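Shown next: structure_0.txt, given as compact mmCIF, C-alpha atoms.
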```
# COMPACT_ATOMS: atom_id res chain seq x y z
CA MET A 1 0.00 0.00 0.00
CA SER A 2 1.41 3.34 -1.01
CA THR A 3 1.71 6.14 1.50
CA HIS A 4 0.50 9.60 0.62
CA ASP A 5 4.07 10.89 0.19
CA GLU A 6 4.82 8.12 -2.30
CA LEU A 7 1.70 8.98 -4.26
CA ARG A 8 2.40 12.71 -4.12
CA ALA A 9 5.85 12.09 -5.57
CA ASN A 10 4.04 11.24 -8.82
CA ALA A 11 2.38 14.65 -9.16
CA ALA A 12 5.35 16.19 -10.94
CA GLY A 13 5.72 13.24 -13.31
CA TYR A 14 2.00 13.40 -14.01
CA VAL A 15 2.40 17.01 -15.14
CA LEU A 16 5.40 16.13 -17.32
CA GLY A 17 3.65 13.07 -18.76
CA SER A 18 6.40 10.76 -17.51
CA LEU A 19 4.42 8.31 -15.38
CA ASP A 20 4.43 4.75 -16.62
CA ALA A 21 1.13 2.93 -17.00
CA GLU A 22 1.17 1.39 -13.50
CA GLU A 23 2.03 4.68 -11.75
CA ARG A 24 -0.76 6.34 -13.64
CA ARG A 25 -3.26 3.67 -12.68
CA THR A 26 -2.61 4.31 -8.99
CA PHE A 27 -2.17 8.09 -9.18
CA GLU A 28 -5.29 9.08 -11.12
CA PRO A 29 -7.86 7.67 -8.64
CA HIS A 30 -5.83 9.22 -5.82
CA LEU A 31 -5.89 12.58 -7.57
CA ALA A 32 -9.68 12.44 -7.73
CA GLU A 33 -9.96 12.26 -3.95
CA CYS A 34 -6.90 14.23 -2.73
CA ALA A 35 -7.22 18.02 -2.77
CA GLU A 36 -3.56 18.49 -1.79
CA CYS A 37 -2.30 16.55 -4.81
CA ARG A 38 -4.79 18.30 -7.12
CA ALA A 39 -3.46 21.64 -5.90
CA GLU A 40 0.13 20.56 -6.52
CA VAL A 41 -0.70 19.36 -10.04
CA ALA A 42 -2.50 22.63 -10.80
CA SER A 43 0.38 24.72 -9.49
CA LEU A 44 2.98 22.80 -11.54
CA ARG A 45 1.06 22.79 -14.82
CA PRO A 46 2.28 26.20 -16.03
CA ILE A 47 5.85 24.89 -15.71
CA ALA A 48 5.16 22.35 -18.46
CA GLY A 49 4.09 25.29 -20.62
CA VAL A 50 7.36 27.05 -19.91
CA LEU A 51 9.40 23.93 -20.77
CA ALA A 52 7.53 23.85 -24.08
CA THR A 53 8.68 27.36 -24.95
CA ALA A 54 12.13 27.30 -23.28
CA VAL A 55 13.77 25.86 -26.41
CA PRO A 56 15.83 27.55 -29.13
CA GLN A 57 13.34 29.25 -31.46
CA VAL A 58 13.62 28.15 -35.09
CA THR A 59 11.47 29.36 -37.98
CA PRO A 60 10.18 26.55 -40.21
CA ARG A 61 10.89 26.69 -43.96
CA THR A 62 8.46 28.96 -45.80
CA GLU A 63 7.43 26.11 -48.15
CA LEU A 64 5.94 24.33 -45.18
CA ARG A 65 3.21 26.96 -44.77
CA ASP A 66 1.58 26.03 -48.08
CA ARG A 67 1.89 22.34 -47.39
CA VAL A 68 0.20 22.67 -44.01
CA VAL A 69 -2.43 25.22 -44.88
CA SER A 70 -3.54 23.86 -48.24
CA GLN A 71 -2.82 20.15 -47.79
CA ALA A 72 -3.66 19.69 -44.12
CA PHE A 73 -6.60 22.05 -44.20
CA GLY A 74 -7.73 20.59 -47.54
CA SER A 75 -7.49 17.05 -46.17
CA MET A 76 -9.83 18.02 -43.37
CA THR A 77 -12.59 18.84 -45.81
CA THR A 78 -11.85 16.11 -48.37
CA ARG A 79 -10.73 13.42 -45.85
CA LEU A 80 -7.52 12.65 -47.65
CA PRO A 81 -5.09 10.61 -45.58
CA SER A 82 -2.36 12.61 -43.88
CA ALA A 83 0.75 13.04 -46.00
CA SER A 84 3.06 12.23 -43.12
CA LYS A 85 5.45 9.36 -43.28
CA GLY A 86 7.16 7.26 -40.64
CA GLY A 87 10.43 8.24 -39.02
CA GLU A 88 13.70 7.03 -40.42
CA ALA A 89 15.13 3.76 -39.30
CA ARG A 90 18.25 4.17 -37.21
CA PRO A 91 21.37 2.10 -37.55
CA GLU A 92 21.66 -0.71 -35.05
CA ARG A 93 23.92 -0.17 -32.07
CA LYS A 94 24.53 -1.97 -28.87
CA ARG A 95 22.15 -0.49 -26.33
CA ILE A 96 23.25 0.13 -22.80
CA HIS A 97 21.22 -0.21 -19.67
CA ALA A 98 23.83 0.26 -17.02
CA GLY A 99 26.93 1.99 -15.91
CA VAL A 100 26.04 5.67 -16.04
CA PRO A 101 25.59 6.98 -12.50
CA SER A 102 29.05 7.46 -11.12
CA TRP A 103 29.93 8.98 -14.47
CA VAL A 104 27.02 11.34 -14.31
CA ALA A 105 27.98 12.26 -10.75
CA LEU A 106 31.50 12.88 -12.00
CA ALA A 107 30.11 15.10 -14.74
CA ALA A 108 28.08 16.95 -12.11
CA ALA A 109 31.20 17.49 -10.00
CA VAL A 110 33.04 18.91 -12.99
CA VAL A 111 30.16 21.18 -13.89
CA ILE A 112 29.95 22.40 -10.29
CA ALA A 113 33.68 23.09 -10.33
CA ILE A 114 33.30 25.08 -13.52
CA GLY A 115 30.38 26.93 -11.94
CA ALA A 116 32.45 27.81 -8.88
CA ALA A 117 35.34 29.02 -10.97
CA THR A 118 33.19 31.41 -12.93
CA TYR A 119 31.36 32.71 -9.88
CA ALA A 120 33.58 35.71 -9.38
CA VAL A 121 33.58 37.03 -12.92
CA ARG A 122 31.27 39.63 -14.34
CA VAL A 123 27.57 38.95 -14.88
CA GLN A 124 27.90 38.91 -18.63
CA ARG A 125 30.59 36.25 -18.54
CA GLN A 126 28.50 34.24 -16.08
CA MET A 127 25.56 34.25 -18.44
CA GLY A 128 27.82 33.00 -21.21
CA ALA A 129 29.13 30.16 -19.06
CA LEU A 130 25.60 29.32 -17.97
CA GLN A 131 24.50 29.13 -21.59
CA ALA A 132 27.41 26.85 -22.48
CA ARG A 133 26.49 24.66 -19.52
CA PHE A 134 22.85 24.43 -20.69
CA ASP A 135 23.93 23.34 -24.10
CA GLN A 136 26.33 20.73 -22.68
CA THR A 137 23.65 19.40 -20.30
CA GLN A 138 21.03 19.31 -23.01
CA ALA A 139 23.37 17.57 -25.44
CA THR A 140 24.46 15.09 -22.74
CA ALA A 141 20.83 14.26 -21.87
CA ALA A 142 20.08 13.76 -25.56
CA VAL A 143 22.97 11.30 -25.94
CA LEU A 144 21.91 9.36 -22.80
CA ALA A 145 18.40 8.98 -24.25
CA ALA A 146 19.55 8.13 -27.78
CA PRO A 147 17.91 5.04 -29.24
CA ASP A 148 21.23 4.05 -30.83
CA LEU A 149 23.43 4.53 -27.77
CA ALA A 150 26.65 2.51 -27.66
CA ARG A 151 29.05 2.31 -24.73
CA ILE A 152 32.78 1.93 -25.05
CA ASP A 153 34.93 1.56 -21.91
CA LEU A 154 38.55 2.68 -22.15
CA GLN A 155 41.46 1.27 -20.17
CA GLY A 156 44.54 3.15 -18.98
CA GLN A 157 47.67 2.39 -21.01
CA PRO A 158 51.15 1.73 -19.51
CA VAL A 159 51.86 5.50 -19.14
CA ALA A 160 48.68 5.92 -17.08
CA PRO A 161 47.60 2.52 -15.71
CA ASP A 162 45.05 4.00 -13.25
CA ALA A 163 43.25 6.13 -15.82
CA ARG A 164 39.82 5.01 -16.95
CA ALA A 165 37.17 6.46 -19.21
CA ARG A 166 33.85 5.79 -20.81
CA ALA A 167 32.56 6.92 -24.18
CA LEU A 168 28.82 7.03 -24.82
CA TRP A 169 28.31 7.33 -28.54
CA SER A 170 25.22 7.85 -30.63
CA ARG A 171 25.59 8.21 -34.37
CA SER A 172 22.66 10.59 -34.46
CA ARG A 173 23.43 12.64 -31.35
CA GLY A 174 27.15 12.70 -30.68
CA LEU A 175 29.66 11.57 -28.09
CA VAL A 176 29.76 12.04 -24.32
CA PHE A 177 33.21 11.30 -22.97
CA THR A 178 34.06 11.01 -19.28
CA ALA A 179 37.54 10.28 -17.98
CA ALA A 180 39.06 9.92 -14.51
CA ASN A 181 42.54 9.57 -12.98
CA LEU A 182 44.44 11.03 -15.92
CA PRO A 183 47.80 12.49 -14.90
CA PRO A 184 47.95 16.29 -15.23
CA ALA A 185 48.81 17.27 -18.81
CA PRO A 186 52.37 18.75 -18.90
CA ALA A 187 52.76 22.41 -19.87
CA GLY A 188 52.27 22.93 -23.59
CA LYS A 189 50.39 19.65 -23.96
CA ALA A 190 46.71 18.67 -24.04
CA TYR A 191 44.66 15.48 -24.12
CA GLN A 192 42.88 14.80 -27.39
CA VAL A 193 40.00 12.33 -27.89
CA TRP A 194 39.91 10.19 -31.05
CA VAL A 195 37.15 8.18 -32.64
CA VAL A 196 39.02 5.51 -34.57
CA THR A 197 37.25 4.11 -37.63
CA ALA A 198 38.54 1.34 -39.90
CA GLN A 199 39.76 4.03 -42.30
CA MET A 200 41.34 6.56 -39.95
CA PRO A 201 41.28 8.18 -36.52
CA ILE A 202 38.94 11.20 -36.38
CA SER A 203 39.53 13.89 -33.78
CA ALA A 204 36.52 14.39 -31.48
CA GLY A 205 38.22 17.30 -29.73
CA LEU A 206 40.35 18.26 -26.76
CA LEU A 207 39.64 17.07 -23.22
CA THR A 208 40.23 19.35 -20.24
CA THR A 209 40.80 17.67 -16.89
CA ASP A 210 40.45 19.05 -13.38
CA GLY A 211 42.82 18.70 -10.41
CA THR A 212 41.85 15.05 -9.89
CA GLY A 213 42.45 14.13 -13.52
CA ALA A 214 38.74 13.95 -14.31
CA GLY A 215 37.00 15.49 -17.26
CA THR A 216 33.66 15.25 -19.04
CA GLN A 217 32.92 16.63 -22.43
CA TYR A 218 30.23 16.45 -25.08
CA TYR A 219 31.46 16.26 -28.70
CA ASP A 220 29.29 16.75 -31.74
CA THR A 221 30.66 13.96 -33.95
CA PRO A 222 29.73 13.68 -37.65
CA SER A 223 26.84 11.26 -38.24
CA ASP A 224 28.25 9.93 -41.49
CA ILE A 225 31.45 8.38 -40.13
CA ALA A 226 32.05 4.63 -40.24
CA ALA A 227 31.31 2.76 -37.00
CA PRO A 228 34.21 3.24 -34.58
CA VAL A 229 36.52 0.29 -34.03
CA ALA A 230 38.10 2.07 -31.05
CA VAL A 231 38.11 5.27 -29.00
CA ALA A 232 41.43 6.59 -27.73
CA VAL A 233 43.02 9.50 -25.86
CA THR A 234 46.50 10.72 -26.72
CA LEU A 235 48.72 13.50 -25.38
CA GLU A 236 49.27 16.11 -28.08
CA PRO A 237 50.66 19.63 -28.51
CA LEU A 238 48.38 22.33 -27.06
CA GLY A 239 45.54 23.09 -29.48
CA GLY A 240 45.47 19.57 -30.87
CA VAL A 241 46.61 17.96 -34.12
CA PRO A 242 44.75 16.66 -37.20
CA SER A 243 45.92 13.06 -36.68
CA PRO A 244 47.41 11.45 -33.57
CA THR A 245 51.17 11.80 -32.99
CA GLY A 246 51.55 11.42 -29.23
CA GLU A 247 51.54 8.66 -26.68
CA LYS A 248 48.26 6.73 -26.06
CA TYR A 249 46.87 7.25 -22.54
CA LEU A 250 43.50 5.52 -22.88
CA VAL A 251 42.21 2.98 -25.40
CA GLY A 252 38.93 1.10 -25.63
CA MET A 253 37.15 -1.04 -28.17
CA PRO A 254 33.40 -1.67 -28.54
CA MET B 255 -0.63 56.83 -26.83
CA TRP B 256 1.57 55.50 -24.04
CA LEU B 257 -1.53 54.17 -22.29
CA LEU B 258 -2.42 52.14 -25.35
CA ALA B 259 1.13 50.78 -25.47
CA ALA B 260 1.01 49.91 -21.77
CA LEU B 261 -2.29 48.11 -22.20
CA ALA B 262 -0.94 46.25 -25.20
CA ARG B 263 1.95 45.03 -23.08
CA MET B 264 -0.34 43.94 -20.28
CA GLN B 265 -2.82 42.03 -22.38
CA PRO B 266 -0.90 40.12 -25.03
CA ALA B 267 -2.08 36.69 -23.87
CA ALA B 268 -5.75 37.67 -23.63
CA GLU B 269 -5.76 39.38 -27.02
CA SER B 270 -3.96 36.55 -28.73
CA GLN B 271 -6.40 34.09 -27.12
CA ALA B 272 -9.40 36.02 -28.50
CA GLU B 273 -7.79 36.04 -31.94
CA ASP B 274 -7.07 32.30 -31.73
CA LEU B 275 -10.65 31.52 -30.73
CA SER B 276 -11.96 33.54 -33.64
CA CYS B 277 -9.63 31.59 -35.97
CA LEU B 278 -10.89 28.26 -34.64
CA ARG B 279 -14.51 29.31 -35.17
CA ARG B 280 -13.80 30.35 -38.76
CA ILE B 281 -11.79 27.15 -39.40
CA VAL B 282 -14.86 25.12 -38.42
CA SER B 283 -16.84 26.94 -41.11
CA GLY B 284 -14.15 26.10 -43.69
CA ASP B 285 -12.25 29.42 -43.85
CA GLN B 286 -8.77 28.66 -45.20
CA ALA B 287 -7.47 32.17 -44.39
CA ALA B 288 -8.20 31.44 -40.72
CA ALA B 289 -6.14 28.24 -40.95
CA ALA B 290 -3.28 30.31 -42.38
CA GLY B 291 -3.69 32.84 -39.57
CA LEU B 292 -3.44 30.15 -36.88
CA TYR B 293 -0.37 28.76 -38.64
CA ASP B 294 1.31 32.17 -38.85
CA ARG B 295 0.91 32.89 -35.16
CA HIS B 296 1.97 29.51 -33.76
CA SER B 297 4.09 27.61 -36.30
CA ARG B 298 7.42 28.98 -35.02
CA ALA B 299 6.87 28.05 -31.37
CA LEU B 300 5.44 24.63 -32.26
CA TYR B 301 8.15 23.83 -34.81
CA SER B 302 10.86 24.81 -32.31
CA LEU B 303 9.49 22.48 -29.64
CA ILE B 304 9.05 19.61 -32.11
CA LEU B 305 12.53 20.07 -33.54
CA ARG B 306 14.02 20.12 -30.03
CA ILE B 307 12.35 16.75 -29.37
CA VAL B 308 12.77 14.83 -32.65
CA GLY B 309 16.08 16.47 -33.63
CA ASP B 310 15.53 16.11 -37.37
CA GLU B 311 14.19 18.87 -39.62
CA SER B 312 12.26 16.76 -42.09
CA GLU B 313 10.66 14.72 -39.34
CA ALA B 314 9.83 17.93 -37.44
CA GLU B 315 8.06 19.24 -40.54
CA ASP B 316 5.96 16.07 -40.74
CA VAL B 317 5.02 16.34 -37.08
CA LEU B 318 4.13 20.03 -37.45
CA GLN B 319 1.79 19.12 -40.28
CA GLU B 320 0.21 16.37 -38.16
CA VAL B 321 -0.35 18.82 -35.30
CA PHE B 322 -2.10 21.38 -37.48
CA THR B 323 -4.13 18.64 -39.18
CA GLN B 324 -5.27 17.51 -35.73
CA ALA B 325 -5.96 21.10 -34.62
CA PHE B 326 -8.05 21.83 -37.72
CA ARG B 327 -10.04 18.62 -37.23
CA GLN B 328 -10.64 19.21 -33.54
CA ALA B 329 -11.34 22.94 -33.82
CA SER B 330 -15.07 22.37 -33.37
CA ARG B 331 -14.50 20.45 -30.15
CA TYR B 332 -12.09 22.96 -28.60
CA ASP B 333 -13.35 24.05 -25.19
CA ALA B 334 -12.19 27.56 -24.31
CA SER B 335 -12.80 26.98 -20.61
CA ARG B 336 -9.92 24.49 -20.65
CA GLY B 337 -7.36 27.19 -21.30
CA ALA B 338 -5.27 28.95 -23.90
CA VAL B 339 -5.22 27.77 -27.51
CA ALA B 340 -1.43 28.26 -27.56
CA ALA B 341 -1.02 25.83 -24.64
CA TRP B 342 -3.38 23.32 -26.30
CA LEU B 343 -1.32 23.42 -29.50
CA LEU B 344 1.98 23.09 -27.62
CA MET B 345 0.67 20.08 -25.72
CA MET B 346 -0.39 18.37 -28.94
CA ALA B 347 2.99 19.16 -30.47
CA ARG B 348 4.89 17.68 -27.54
CA SER B 349 2.69 14.61 -27.47
CA ARG B 350 3.01 13.91 -31.22
CA ALA B 351 6.77 14.52 -31.19
CA ILE B 352 7.26 12.15 -28.24
CA ASP B 353 5.16 9.53 -30.08
CA ARG B 354 7.72 9.73 -32.89
CA LEU B 355 10.61 9.20 -30.48
CA ARG B 356 8.86 6.24 -28.85
CA ALA B 357 8.08 4.66 -32.19
CA ARG B 358 11.75 5.03 -33.09
CA ARG B 359 12.84 3.41 -29.82
CA THR B 360 10.29 0.61 -30.12
CA ARG B 361 11.41 -0.20 -33.67
CA PHE B 362 14.97 -0.22 -32.49
CA GLU B 363 14.28 -2.42 -29.48
CA SER B 364 12.16 -4.92 -31.41
CA ARG B 365 15.08 -5.41 -33.79
CA THR B 366 17.53 -5.97 -30.98
CA GLY B 367 15.11 -8.13 -29.00
CA GLU B 368 14.98 -5.83 -26.00
CA GLY B 369 11.37 -4.79 -26.19
CA THR B 370 10.96 -3.37 -22.71
CA LEU B 371 9.31 -0.08 -23.55
CA GLU B 372 5.77 0.00 -22.32
CA GLU B 373 3.06 1.64 -24.38
CA MET B 374 2.29 4.84 -22.58
CA PRO B 375 -0.85 6.94 -22.77
CA ASP B 376 -0.72 10.47 -24.15
CA VAL B 377 -0.14 13.35 -21.81
CA GLN B 378 -3.17 14.97 -20.31
CA PRO B 379 -5.50 16.68 -22.74
CA ASP B 380 -6.26 19.46 -20.25
CA VAL B 381 -4.01 22.45 -20.69
CA ALA B 382 -2.46 25.13 -18.56
CA SER B 383 -5.18 27.55 -17.64
CA VAL B 384 -2.65 30.30 -16.99
CA MET B 385 -0.54 31.90 -19.66
CA LEU B 386 2.62 33.28 -18.15
CA SER B 387 3.91 36.78 -18.75
CA ASP B 388 7.20 37.17 -20.61
CA GLU B 389 8.88 38.20 -17.36
CA GLN B 390 7.63 35.05 -15.60
CA THR B 391 8.80 32.87 -18.48
CA ARG B 392 12.22 34.49 -18.29
CA SER B 393 12.57 33.87 -14.58
CA VAL B 394 11.59 30.22 -14.97
CA LYS B 395 14.12 29.79 -17.78
CA ARG B 396 16.76 31.36 -15.55
CA ALA B 397 15.78 29.04 -12.70
CA LEU B 398 15.95 26.05 -15.04
CA GLY B 399 19.58 26.87 -15.73
CA GLU B 400 20.35 27.07 -12.04
CA LEU B 401 18.94 23.66 -11.10
CA PRO B 402 21.41 21.00 -9.91
CA LEU B 403 22.61 18.99 -12.91
CA LEU B 404 20.84 15.75 -11.99
CA GLN B 405 17.50 17.50 -11.36
CA ARG B 406 17.72 19.27 -14.68
CA MET B 407 18.84 16.12 -16.47
CA ALA B 408 15.91 14.12 -15.03
CA ILE B 409 13.43 16.83 -16.08
CA GLU B 410 14.95 17.02 -19.56
CA LEU B 411 14.81 13.24 -20.01
CA ALA B 412 11.16 13.25 -18.90
CA TYR B 413 9.87 16.23 -20.84
CA TYR B 414 11.96 16.42 -24.02
CA GLU B 415 12.90 12.76 -24.41
CA GLY B 416 9.62 11.28 -23.22
CA LEU B 417 11.24 8.75 -20.91
CA SER B 418 9.17 7.35 -18.03
CA HIS B 419 10.33 7.54 -14.42
CA SER B 420 11.53 3.96 -14.53
CA GLU B 421 13.41 4.49 -17.80
CA ILE B 422 15.12 7.57 -16.34
CA ALA B 423 16.03 5.60 -13.21
CA GLU B 424 17.57 2.94 -15.45
CA ARG B 425 19.57 5.39 -17.58
CA LEU B 426 20.88 7.37 -14.62
CA GLU B 427 21.25 4.23 -12.49
CA GLN B 428 19.41 5.88 -9.64
CA PRO B 429 16.67 4.38 -7.46
CA LEU B 430 13.17 5.11 -8.81
CA GLY B 431 12.24 7.05 -5.66
CA THR B 432 15.30 9.28 -6.03
CA VAL B 433 14.40 10.10 -9.61
CA LYS B 434 10.85 11.02 -8.63
CA THR B 435 12.11 13.20 -5.81
CA ARG B 436 14.58 14.96 -8.11
CA ILE B 437 11.90 15.72 -10.69
CA ARG B 438 9.51 16.96 -8.03
CA LEU B 439 12.09 19.16 -6.28
CA GLY B 440 13.16 20.58 -9.63
CA LEU B 441 9.63 21.48 -10.67
CA LEU B 442 8.83 22.95 -7.25
CA LYS B 443 11.91 25.16 -7.55
CA LEU B 444 10.82 26.31 -10.99
CA ARG B 445 7.36 27.04 -9.61
CA ASP B 446 8.80 29.07 -6.76
CA SER B 447 10.78 31.13 -9.24
CA LEU B 448 7.41 32.27 -10.60
CA THR B 449 6.32 33.77 -7.32
CA GLU B 450 9.70 35.15 -6.30
CA GLY B 451 10.12 37.11 -9.50
CA PRO B 452 13.50 38.09 -10.93
CA ALA B 453 16.47 37.69 -8.61
```

Show the structure stored in the file as structure tokens.
Amino acid sequence: MSTHDELRANAAGYVLGSLDAEERRTFEPHLAECAECRAEVASLRPIAGVLATAVPQVTPRTELRDRVVSQAFGSMTTRLPSASKGGEARPERKRIHAGVPSWVALAAAVVIAIGAATYAVRVQRQMGALQARFDQTQATAAVLAAPDLARIDLQGQPVAPDARARALWSRSRGLVFTAANLPPAPAGKAYQVWVVTAQMPISAGLLTTDGTGAGTQYYDTPSDIAAPVAVAVTLEPLGGVPSPTGEKYLVGMP
Amino acid sequence: MWLLAALARMQPAAESQAEDLSCLRRIVSGDQAAAAGLYDRHSRALYSLILRIVGDESEAEDVLQEVFTQAFRQASRYDASRGAVAAWLLMMARSRAIDRLRARRTRFESRTGEGTLEEMPDVQPDVASVMLSDEQTRSVKRALGELPLLQRMAIELAYYEGLSHSEIAERLEQPLGTVKTRIRLGLLKLRDSLTEGPA
């Protein structure tokens, strides 16, 4: 038997539409008889409206107006079937179910550290950092929810035996890379992340680590590359290089 | 003159609602210009939300067309007492876009033999009865950016990715109760930012 607090915990999910069928079956009858939960649902509803509009605003192509107004409106009166088609099939990838939390916590720690570092600077700079953080969080969430998510664990190489890392890769949404226990990069050097395909290694980008050797970064990788046969981290000259030249610190294969 | 301007600033939601209702009435009687009017006022906001969710322009265009098709068909049944037309349209857009994502996931899982996704009902048909002012929307957006990462991530996975509580718990490897608490605390904080006003 659920307590009231357990039931009330579903009010927010009810507003977001994220209850599963069973939660909904127990929450809806409760809502009918509990004024407190009804009040909470009512007070949270406008937030869903804000989430709907708190997205980057993009104007649709002008051609779409004709298609919608004449075709969709026309189909209403003539009962033509909708012109919509199904979504595209996605390439098959190994799906993951496990192994994220400590990595997410690590990412949170890094983000908090970045937040603390920028605290003292001017408001304008803060807003910029905040925006960058949104985009990183949003992109990271999108990768975690990707239908074609693949996980690649990387092992420390002889130069850094304690280092470890995990790459979460979605062809459609990009790469989230989280590393820990990397030695500090020497002056004039930087860590660079590589997606290695059968043809060649492709640079994902540079990886910045904190004082503990941890770093998390989202990379927007091209969706048309061949499936990776490995992911690797090398130590390269500051600013990075077009193809790897330095020592391998982390390597992992799918 | 300034009074008119001040009133215009105060009443944008109410005016736009009256205009929307008039459009819906004319759409029912087969007025194509009214359909174009509804499209012109809402297509940008709806397309932006859909694109954010499905992440693909051509698919977003298909979903936008579905949403307007549905809106035109249901115009006669729209009940103004349930709230703003804009909120009704946004809710349909979110629901249709999430259906696309789920269909994509289900197809994927059935191919890999991991069909665990449960068929979920649409979000509530009732809509927000309150339209927020621009200033309120801004303060909620600001508050959203200030949420702890895991709270924000859980809310994003629920609202924009259409994952259920249990799916979020699985992806973040957190207990189900923790996920629910995070989502609730996050939304309560956003709500409070409405009443506190700008910091």

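Here CA of Arg354 (chain B) stands at a distance of 19.4 Å from CA of Arg298 (chain B).
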
Looking at B:Val394, B:Ala289, B:Ala412, B:Leu318, which one is nearest to Leu275 (chain B), with distances taken over only C-alpha atoms?
->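 Answer, going by the shortest atom-to-atom distance: B:Ala289.
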
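With all atoms listed in the file as the atoms that count, the residue of A:Leu7, A:Ala142, A:Leu207, A:Ala39 with the shortest distance to chain B is A:Ala142.
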
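Minimum atom-to-atom distance to Asp353 (chain B), evaluated using all atoms listed in the file, belongs to B:Ile307 out of B:Ile307, B:Leu398, B:Ala325, B:Val282.
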
Between CA of Leu149 (chain A) and CA of Ser312 (chain B), what is the spacing in Å?
-> 21.9 Å

Which is closer to chain B than all the others in A:Arg25, A:Glu63, A:Ala145, A:Trp169, using only C-alpha atoms?
->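 Residue with the minimum atom-to-atom distance to chain B: A:Ala145.
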
Computed gap from CA of Ala54 (chain A) to CA of Leu448 (chain B) is 14.4 Å

Pick from B:Ala351, B:Val317, B:Ala329, B:Val339: nearest to chain A, with all atoms listed in the file counted?
->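 When distances to chain A are compared using all atoms listed in the file, the smallest one comes from B:Val317.
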